[in-house]
Amino acid sequence: MERAKESAVWRYFMLAAPTCSTAVCNVCKGNVLRGGGKTATFNTTNLIKHLQKHHAKEHAKFLQLNKTKGKGDNTAATAQQLTLADALQRREKFPTESLKALGITQKVLEFIVLDAQPMSFVEDEGFRRLLEYLEPRYSLPSRKYFSETALPELYKKVCEHISKEIKDVKSMSFTTDIWSSAVCPMSLLSLTVHWLDVSCTRRGAMLQAKNFHGSHTSDTISAAIKEMLDQWHIPLNKVHLILRDNASNIKKAMDNMGVRSLGCFAHTLQLVVNEGLLSQRSVSDAIAIGRQIVGHFKHSPLAYSRLQDIQLQMQMQPKRLQQDVKTRWNSTYLMIQSLLEQKRVLGAYIADNDLPSTLTANQWALLEKTSIVLAPFEELTRKVSSATASTADVIPAVTVLKRILAKEGDADTGIKTMKKTLLEAVNRRFDSVEDEPLYALATLLDPRYKDRYFTSAQSAMSAKDALTGELEELEDLRSSTAGASEAAEPQEKAPRVEAAAAAPSKSSFMQEFDQIVEECEDPSAASSSSPAVQLHGYLAEKTIATSDNPYQYWGVNKYRLPCLAATATKYLCAPCTSVESERVFSTVFNIVDEKRNRLTAERTEMLVFMRKNLPLLIK
């Protein structure tokens with residue numbers, strides 16, 4: 001009966017019950033015998049004849065439906081036969097060199113590299129069971145194959161890709177730093193490269209994390225960096241700048257190499273913050289008590305559990321207090337913020353529990369004011385640590401910091417000494433920043449800043465003269481190479497690179513940037529093919545918004561201002577911090593741990609290199 005009911009004829013009939021010997025026609029409501037005397041012998045022959053004799057239109061539709069269903073049945077049968085054939089083939093494993101097997105092996109290796117997994121992961125039972133379930137025909141190679149064959153082959157491909165990317169780059173900047181492991185006797189010297197491609201897009205890659213033996217003297221550092229540059233066939237005349245930390249040995253190493261270098265701006269900024277926090281006893285005492293409170297909850301699971309219960313009772317999201325660490329940027333500011341967020345919770349906790357120390361009302365007020373003063377430093381640190389930050393950001397940032405710290409108000413009561421010390425430290429540590437050509441020329445060439453943020457007219461004039469000289473040298477070189485200067489197109493108004501969508505509300509730190517620009521704008525603009533007058537016209541044009549992309553600006557204007565764009569490509573490729581090298585060591589830290597402390601320096605270097613650069617190849 002079930003087979004009969006699958007027939008298309010049942011679109012036109014219905015049954016009062018499954019065992020009923022007659023079917024009711026949906027068209028004429030007549031009863032039609034189903035044939036046979038038993039349920040097992042019921043059929044649809046009489047039903048079809050009834051349609052043919054009394055309902056020609058419905059019968060025609062039935063024939064069409066039946067025909068279509070027949071084709072579907074044949075297709076299904078064919079598919080079923082193919083599936084059976086495939087089932088037999090699935091018993092056979094893929095050949096080792098088949099495209100499918102090689103592709104899966106490649107993805108397994110990429111998974112290990114990108115997620116910093118140990119090579120032993122391919123021997124884990126759970127992972128092997130997963131692959132067996134997903135693709136039974138695939139045979140997972142051994143750990144030795146991945147380690148000694150697959151990884152070196154992929155490493156070679158990534159090296160070739162990076163070499164091809166930087167081969168024709170005329171000017172590059174680098175960052176370098178030294179790291180020592182706490183779980184094994186290993187020191188690494190990092191080197192990352194940064195450049196702008198032909199479309200003025202910021203690019204970067206890690207070149208090496210070299211095993212660094214022996215004493216960290218200036219001679220050994222300079223020799224190691226020179227060796228790494230030679231290995232990548234990068235001559236010193238292509239090195240625009242190397243960003244380093246502020247240690248004297250690495251600074252001298254750069255001088256020995258004859259390359260220009262700058263200290264990490266973010267490191268210096270944190271030194272300024274530390275000076276300010278230590279300058280006022282009342283502030284440092286309040287921070288010390290806050291540190292004790294955070295430490296109490298960090299080392300006592302019971303205390304933290306009780307704190308969490310109070311947070312839930314107050315309908316707050318459970319959140320840990322953040323401990324400050326001397327070597328971690330902005331950690332004191334973040335600790336103060338976490339304490340202020342949990343002020344009510346801590347007050348409720350103290351009512352029933354003991355703490356090693358407690359903050360008075362005056363100390364809470366001091367922490368609130370300290371948080372406000374340190375907020376611009378935290379925002380600036382994040383800004384200059386981004387992947388798109390450049391040396392052009394330094395002079396404007398210092399100018400803005402000075403203006404913010406110089407402002408006085410009633411809210412400064414209790415922290416005037418700290419704020420004064422911060423301003424003095426900024427002035428002292430960045431006193432010559434506007435006279436440093438690497439900073440000054442980059443600032444002029446950034447369409448967000450130009451000459452608007454120089455506090456010294458003499459420094460701004462010197463920077464313009466230096467940039468004019470460099471532009472003229474470049475123009476002479478271009479002319480001698482081309483044989484004759486090409487006629488420049490009439491200068492048009494520089495297109496503004498619009499900010500995306502509606503801009504969110506700005507912090508006081510970013511508002512200060514806009515205020516300085518408004519004070520310095522010049523509505524006039526000049527037009528000429530001469531580099532000097534071309535520079536004047538560029539500087540006279542209105543700056544783009546601080547939230548816009550300066551690299552996109554030069555990508556649009558590189559044909560209108562070719563010499564300026566070429567020089568901008570050189571100066572704006574340089575980051576202003578050594579954060580990229582710090583990030584390399586963060587990757588090393590994730591790879592070299594207590595469970596993998598026997599990794600050789602060479603294998604560690606290869607894994608770190610792949611972890612940082614593989615996305616460049618597979619994107």
# chains A, B, ... in the order shown; residues from 1 in each chain; ligands from 1
>>> residues_around(residues="range 274-279 of chain A", least_positions_apart="4", cutoff="7 Å", atoms="only C-alpha atoms", output="tab-separated table (two decimals) with C-alpha atoms, in the first residue's frame")
chain	number	residue	atom	x	y	z
A	270	GLN	CA	57.13	55.19	29.59
A	283	VAL	CA	50.46	59.71	44.48
A	284	SER	CA	53.12	57.02	44.73
A	417	THR	CA	53.92	68.24	41.32
A	418	MET	CA	53.35	65.10	39.30
A	419	LYS	CA	51.93	67.02	36.34
A	421	THR	CA	57.35	66.69	36.55
A	422	LEU	CA	55.69	65.00	33.58
>>> closest_atom_pairs(of="range 308-409 of chain A", to="range 423-433 of chain A", cutoff="9 Å", atoms="only C-alpha atoms", output="tab-separated table")
residue	atom	partner	partner_atom	distance
A:Val394	CA	A:Val433	CA	8.0
A:Ile395	CA	A:Val433	CA	6.6
A:Val398	CA	A:Val426	CA	7.4
A:Leu401	CA	A:Val426	CA	7.9
A:Lys402	CA	A:Leu423	CA	6.3
A:Leu405	CA	A:Leu423	CA	5.8
A:Ala406	CA	A:Leu423	CA	7.1
>>> atom_distance(atom1="CA of His240 in chain A", atom2="CA of Ser173 in chain A")
5.3 Å
>>> closest_residue(among="A:Leu102, A:Leu312, A:Leu207, A:Cys576", to="Asp393 in chain A", atoms="only C-alpha atoms")
A:Cys576
>>> closest_residue(among="A:Val384, A:Cys573, A:Leu477, A:Leu355", to="Gly204 in chain A", atoms="only C-alpha atoms")
A:Cys573
>>> residues_around(residues="Tyr12 in chain A", least_positions_apart="2", cutoff="9 Å", atoms="only C-alpha atoms", output="PDB file with N, CA and C atoms, in the first residue's frame")
ATOM      1  N   ALA A   8       1.788   9.344  -8.158  1.00  0.00           N
ATOM      2  CA  ALA A   8       1.296  10.706  -8.347  1.00  0.00           C
ATOM      3  C   ALA A   8      -0.224  10.766  -8.434  1.00  0.00           C
ATOM      4  N   VAL A   9      -0.867   9.603  -8.641  1.00  0.00           N
ATOM      5  CA  VAL A   9      -2.320   9.595  -8.764  1.00  0.00           C
ATOM      6  C   VAL A   9      -2.998  10.007  -7.470  1.00  0.00           C
ATOM      7  N   TRP A  10      -2.316   9.841  -6.352  1.00  0.00           N
ATOM      8  CA  TRP A  10      -2.925  10.175  -5.060  1.00  0.00           C
ATOM      9  C   TRP A  10      -3.049  11.682  -4.843  1.00  0.00           C
ATOM     10  N   MET A  14      -8.374  10.561  -2.228  1.00  0.00           N
ATOM     11  CA  MET A  14      -8.063  10.470  -0.804  1.00  0.00           C
ATOM     12  C   MET A  14      -8.789   9.268  -0.215  1.00  0.00           C
ATOM     13  N   VAL A  24     -11.880   8.186  -2.703  1.00  0.00           N
ATOM     14  CA  VAL A  24     -12.794   9.265  -3.069  1.00  0.00           C
ATOM     15  C   VAL A  24     -12.072  10.202  -4.022  1.00  0.00           C
ATOM     16  N   CYS A  25     -12.694  10.458  -5.188  1.00  0.00           N
ATOM     17  CA  CYS A  25     -12.107  11.369  -6.183  1.00  0.00           C
ATOM     18  C   CYS A  25     -12.241  12.811  -5.695  1.00  0.00           C
ATOM     19  N   ASN A  26     -11.137  13.542  -5.721  1.00  0.00           N
ATOM     20  CA  ASN A  26     -11.136  14.936  -5.261  1.00  0.00           C
ATOM     21  C   ASN A  26     -11.877  15.854  -6.220  1.00  0.00           C
ATOM     22  N   VAL A  27     -12.057  15.386  -7.487  1.00  0.00           N
ATOM     23  CA  VAL A  27     -12.681  16.237  -8.500  1.00  0.00           C
ATOM     24  C   VAL A  27     -14.203  16.091  -8.475  1.00  0.00           C
ATOM     25  N   LEU A  47      -8.039   3.754 -10.397  1.00  0.00           N
ATOM     26  CA  LEU A  47      -7.980   5.198 -10.152  1.00  0.00           C
ATOM     27  C   LEU A  47      -7.485   5.944 -11.388  1.00  0.00           C
ATOM     28  N   LEU A  51      -9.545   8.685 -13.907  1.00  0.00           N
ATOM     29  CA  LEU A  51      -9.061  10.004 -14.372  1.00  0.00           C
ATOM     30  C   LEU A  51      -9.106  10.093 -15.881  1.00  0.00           C
ATOM     31  N   GLU A  58      -7.010  16.447 -15.614  1.00  0.00           N
ATOM     32  CA  GLU A  58      -6.235  15.947 -14.479  1.00  0.00           C
ATOM     33  C   GLU A  58      -5.377  14.757 -14.892  1.00  0.00           C
ATOM     34  N   PHE A  62      -1.393  14.194 -14.508  1.00  0.00           N
ATOM     35  CA  PHE A  62      -0.862  12.998 -13.851  1.00  0.00           C
ATOM     36  C   PHE A  62       0.246  12.360 -14.691  1.00  0.00           C
TER      37      PHE A  62
END
>>> select_by_dssp(residues="range 255-307 of chain A", states="alpha helix (DSSP H)", output="number ranges by chain")
A: 255-257, 265-279, 281-299, 301-307
>>> atom_distance(atom1="CA of Asp476 in chain A", atom2="CA of Lys464 in chain A")
18.2 Å
>>> closest_residue(among="A:Lys369, A:His299, A:Arg260, A:Lys164", to="Leu617 in chain A", atoms="only C-alpha atoms")
A:Lys164
>>> closest_atom_pairs(of="range 386-458 of chain A", to="range 534-545 of chain A", cutoff="9 Å", atoms="only C-alpha atoms", output="Markdown table")
| residue | atom | partner | partner_atom | distance |
| --- | --- | --- | --- | --- |
| A:Leu444 | CA | A:Leu539 | CA | 7.9 |
| A:Leu445 | CA | A:Leu539 | CA | 8.9 |
| A:Asp446 | CA | A:Thr543 | CA | 8.9 |
| A:Pro447 | CA | A:Thr543 | CA | 5.5 |
| A:Arg448 | CA | A:Ile544 | CA | 4.9 |
| A:Tyr449 | CA | A:Thr543 | CA | 6.6 |
| A:Lys450 | CA | A:Leu539 | CA | 6.2 |
| A:Asp451 | CA | A:Leu539 | CA | 7.1 |
| A:Arg452 | CA | A:Thr543 | CA | 8.9 |
>>> write_last_selection(atoms="N, CA, C and O atoms", output="mmCIF file, in the first residue's frame")
data_model
loop_
_atom_site.group_PDB
_atom_site.id
_atom_site.type_symbol
_atom_site.label_atom_id
_atom_site.label_comp_id
_atom_site.auth_asym_id
_atom_site.auth_seq_id
_atom_site.Cartn_x
_atom_site.Cartn_y
_atom_site.Cartn_z
ATOM 1 N N LEU A 444 56.721 66.631 7.983
ATOM 2 C CA LEU A 444 56.361 67.485 6.852
ATOM 3 C C LEU A 444 55.683 66.694 5.741
ATOM 4 O O LEU A 444 54.767 67.191 5.076
ATOM 5 N N LEU A 445 56.115 65.453 5.538
ATOM 6 C CA LEU A 445 55.600 64.640 4.438
ATOM 7 C C LEU A 445 54.328 63.884 4.785
ATOM 8 O O LEU A 445 53.757 63.222 3.930
ATOM 9 N N ASP A 446 53.890 64.007 6.018
ATOM 10 C CA ASP A 446 52.616 63.390 6.393
ATOM 11 C C ASP A 446 51.505 64.414 6.164
ATOM 12 O O ASP A 446 51.478 65.464 6.814
ATOM 13 N N PRO A 447 50.586 64.160 5.236
ATOM 14 C CA PRO A 447 49.544 65.152 4.900
ATOM 15 C C PRO A 447 48.581 65.453 6.048
ATOM 16 O O PRO A 447 47.802 66.404 5.951
ATOM 17 N N ARG A 448 48.649 64.700 7.126
ATOM 18 C CA ARG A 448 47.820 65.006 8.300
ATOM 19 C C ARG A 448 48.455 66.098 9.155
ATOM 20 O O ARG A 448 47.760 66.790 9.897
ATOM 21 N N TYR A 449 49.789 66.236 9.075
ATOM 22 C CA TYR A 449 50.517 67.115 9.990
ATOM 23 C C TYR A 449 51.210 68.284 9.288
ATOM 24 O O TYR A 449 51.081 69.426 9.707
ATOM 25 N N LYS A 450 52.000 67.963 8.238
ATOM 26 C CA LYS A 450 52.803 68.963 7.517
ATOM 27 C C LYS A 450 53.640 69.781 8.507
ATOM 28 O O LYS A 450 54.322 69.184 9.356
ATOM 29 N N ASP A 451 53.573 71.138 8.440
ATOM 30 C CA ASP A 451 54.388 71.962 9.341
ATOM 31 C C ASP A 451 53.555 72.552 10.485
ATOM 32 O O ASP A 451 53.983 73.478 11.165
ATOM 33 N N ARG A 452 52.361 72.004 10.714
ATOM 34 C CA ARG A 452 51.438 72.607 11.674
ATOM 35 C C ARG A 452 51.810 72.350 13.130
ATOM 36 O O ARG A 452 51.341 73.056 14.014
#
>>> residues_around(residues="range 110-121 of chain A", least_positions_apart="5", cutoff="7 Å", atoms="only C-alpha atoms", output="list in words")
Arg143, Ser147, Ile591, Leu607, Met610 and Arg611 of chain A
>>> closest_residue(among="A:Leu236, A:Leu302, A:Ala23, A:Val533", to="His50 in chain A", atoms="only C-alpha atoms")
A:Ala23
>>> select_by_dssp(residues="range 213-273 of chain A", states="strand (DSSP E)", output="MDAnalysis selection string")
chainID A and resid 239:244 261:263
>>> closest_residue(among="A:Gln337, A:Leu189, A:Ser305, A:Ser507", to="Pro376 in chain A", atoms="only C-alpha atoms")
A:Ser507
>>> closest_residue(among="A:Leu33, A:Leu366, A:Leu130, A:Leu374", to="Val272 in chain A", atoms="only C-alpha atoms")
A:Leu374
>>> residues_around(residues="range 553-560 of chain A", least_positions_apart="4", cutoff="6 Å", atoms="only C-alpha atoms", output="VMD selection string")
chain A and resid 199 to 200 565
